[in-house]
Amino acid sequence: MSRRGPCGRGKEQRLAGKRYACAFDQDAQSGGWITERVHDPSPIHFIHTDEPPSMTPDPSPFMGRAREGPGCPSKTVHILDDPMSDYGDHESTGDPLEKLRHSTAHLLAAAVTELYPEAKYGIGPAVQDGFYYDFDFGKPISESDLPAIESRMRRLAQADIPFEHEVLPRQRAMEEFQKRGQEFKLELIRDKVEGDEVSVYRTGQFLDLCRGPHVSSTKDLKAFKLLRVAGAYWRGDEKRPQLTRIYGTAWPTPKELDEYLKFLEEAAKRDHKKLGRDLKLFTVDDRVGPGLPLWLPDGATIRRELERFIVDEELARGYLHVRTPDVARLDLYRQSGHAQLYAEYMYPPMKFEDGEELELRPVNCPHHIVVYQTELRSYRDLPLRIAEIGNNWRYERSGTLAGMNRVRSFALNDAHIFCTPEQLMDEVRSAIDLALYFSKVLGIDEFWYQLSTRDDVKDKWLGDEAQWQEAQAALAEALESMGQPYKLVAGEAAFYGPKIDFQVYDAHRREFTNSTVQVDFQLPQRFDLEYVAEDGTRKRPVMVHRGAAGAMERLFSYLIERYAGAFPTWLHPTQVVITPIADAHLEFASEVAKRLRASRVRVHLDGRSERLDRKIRDAKLKKVPYVAVVGGKEVESGHVNVQNRAGEKSDMPLESFVSMISAEIAERRR
RNA sequence: GCCCACGUAGCUCAGGCGGUAGAGCAUUUCCUUGGUAAGGAAAAGGUCCCCGGUUCGAAUCCGGGCGUGGGCUCCA
């Protein structure tokens, strides 16, 4: 069997394109790595669509995710073995689309064989919405080389070349690939193929180690397009050669291909980096530094609303909000273990003359632990839920930074719940419930849960077996008791405990972790946390790390893409644009503005000497929820003529409008 | 960090096989006061990412940085 390693599939998944209406369930395609899946991962809701989502960050990273981290689902899911999709354990799902794409990958390789005889082949699996094939060309290949390869593919497709399946004796297969200088394939046979029979597929001059199945002829491949080239390490290992990966997409018909390409265009339009610039929400400037975004006034307004919403809800649910510093003595992180296990993501400490070493915090759990320890806690105090929306600093590798989605300084909606083992389940459940509530209000309609448990490799984990079992059971049970389906991924837990991640997609259907719930027995031990139990003895609490809304930065990038900038009224930086028709109506317009502001509605009075059409157009481009036109008639009647984003107009008394929009805002209607 | 591509006015981009650069939008000013997605005119605006090198001369060529995008790795 294959290993399911850490490498994963995420990549593929990422690249994938969308899956239009349906969500994901792609695990079917992904097959089998998910060992013991408990429920099907179906995505849970999806509601509307037109708005694709994006994602948010991982919450409390905490921990030490040394290198395994809680991670993103991505990896989790896919696999490493994907390579094997080319061979090995890739169990075909029988999905015709997958077969088509996998065959197109072979077609790509066949074209490359003719154009670049020296090329060596890596693997070429089908992935969500397409396929890729990794090659070692022995020289740089760029996107400008794709058209030539693609047209050769078309020629081969028209040539009606059969996909011939052969089963060769192992020795014979080795010789075949040896003769062709295909060292990567030889390696795959050595490592992945058991037994004496080796399954190969032949397409013209191209011979591939592959289990299939494939379409019968290249003429069955009618709608495909090469999309981009990228570097990819052989077998996902950074220490091995980097191959050139060519990504492409393939569909049964040209029409579907077209739709997919259109989807990509649409996704580009709602890209949060583009909208962030167009709508003046945030900026990233070299002078400040990579991965350090600046929230501009309108973006900051949205963030303020989000934080207000989050904090108010948490306070209502019994969380205690605190404020703790962004820096702390390095010793604090030595004690938590981060200095050792998380060092590569931490900024270098600031050293002072007197020997003091201060560290920008990569996580804030140690701070909350200190808060916990300001008093001798009683079992009556538990569960104690300490929350904070505070900045965390992580020195992410430069190549991973992306807009607001992945940054080096981010404000996590973090909380640490200190509770007794008996309370664990309930706390996990309420943390999930909170995340669900946030999702519902914020419009995160499409997401799924992923339960990451520990795998068998013992030394990767801290703690004892019993605690792990207990924690995993608590997480699984919490989800099940709430009727929430999830995907179970073994081996992806944080080193200190299992976790549940909430996964979402961005506009391009790349997967991200939005929020998480993680159980931790390690920090309580490292900090010798305790509480006085009912019987007077000292006991150790359990910690739950949870980031219900994720990081504000990632949440923001998600919401921008989710709404394509057309935020719900309660979030929109400008809720109403008041447009007087002529200067003569400015005075009444000012009164209208004043009235709305008195009710805390964010308004912008557009007093430019522009025409009405122009002002309305500008407001529409800003995706402002309401445009209130004020002209002679309105001055006369005391009404406002309001147009919403759908273009529906209605004339109503100012007071009616005020109460209408106030209610909409108060209810945080979407 | 690695691979590929890219880096010209605030934005979107042209142009430049070496001789100090253009458009549209945005901005400013003037005219226009006009009922539901772009009224007209003028002006202003650029270290052509940075640093070196080659050259009489570099935004254009070469090298090295930095940054951005897409992937890989990683994952807050």
# chains A, B, ... in the order shown; residues from 1 in each chain; ligands from 1
>>> closest_atom_pairs(of="chain A", to="chain B", cutoff="6 Å", atoms="only C-alpha atoms (C1' of nucleotides)", output="tab-separated table")
residue	atom	partner	partner_atom	distance
A:Asp58	CA	B:A76	C1'	5.7
A:Pro61	CA	B:A76	C1'	5.8
A:Ser142	CA	B:C4	C1'	5.8
A:Ala230	CA	B:G71	C1'	4.5
A:Gly231	CA	B:C3	C1'	3.9
A:Ala232	CA	B:C72	C1'	4.2
A:Tyr233	CA	B:C72	C1'	5.9
A:Glu238	CA	B:U73	C1'	5.8
A:Ala582	CA	B:U33	C1'	4.9
A:Arg611	CA	B:G34	C1'	5.5
A:Arg614	CA	B:A38	C1'	5.5
A:Arg617	CA	B:A37	C1'	3.9
>>> select_by_dssp(residues="region 497-531 of chain A", states="strand (DSSP E or B)", output="list of chain:residue names")
A:Gly497, A:Lys499, A:Ile500, A:Asp501, A:Phe502, A:Gln503, A:Val504, A:Tyr505, A:Glu511, A:Phe512, A:Thr513, A:Asn514, A:Ser515, A:Thr516, A:Val517, A:Gln518, A:Val519, A:Asp520, A:Tyr531
>>> residues_around(residues="region 17-24 of chain B", least_positions_apart="4", cutoff="12 Å", atoms="only C-alpha atoms (C1' of nucleotides)", output="JSON, numbers by chain")
{"B": [8, 9, 11, 12, 13, 46, 47, 48, 54, 55, 56, 57, 58, 59, 60, 61]}
>>> select_by_dssp(residues="region 339-582 of chain A", states="helix (DSSP H, G or I)", output="JSON, numbers by chain")
{"A": [339, 340, 341, 343, 344, 345, 365, 366, 367, 368, 369, 370, 371, 372, 379, 380, 381, 398, 399, 400, 421, 422, 423, 424, 425, 426, 427, 428, 429, 430, 431, 432, 433, 434, 435, 436, 437, 438, 439, 440, 441, 442, 458, 459, 460, 465, 466, 467, 468, 469, 470, 471, 472, 473, 474, 475, 476, 477, 478, 479, 480, 481, 522, 523, 524, 525, 526, 552, 553, 554, 555, 556, 557, 558, 559, 560, 561, 562, 563]}
>>> atom_distance(atom1="CA of Ser378 (chain A)", atom2="CA of Thr420 (chain A)")
10.7 Å
>>> residues_around(residues="Ile246 (chain A)", least_positions_apart="5", cutoff="6 Å", atoms="only C-alpha atoms (C1' of nucleotides)", output="JSON, numbers by chain")
{"A": [132, 133, 228, 229]}
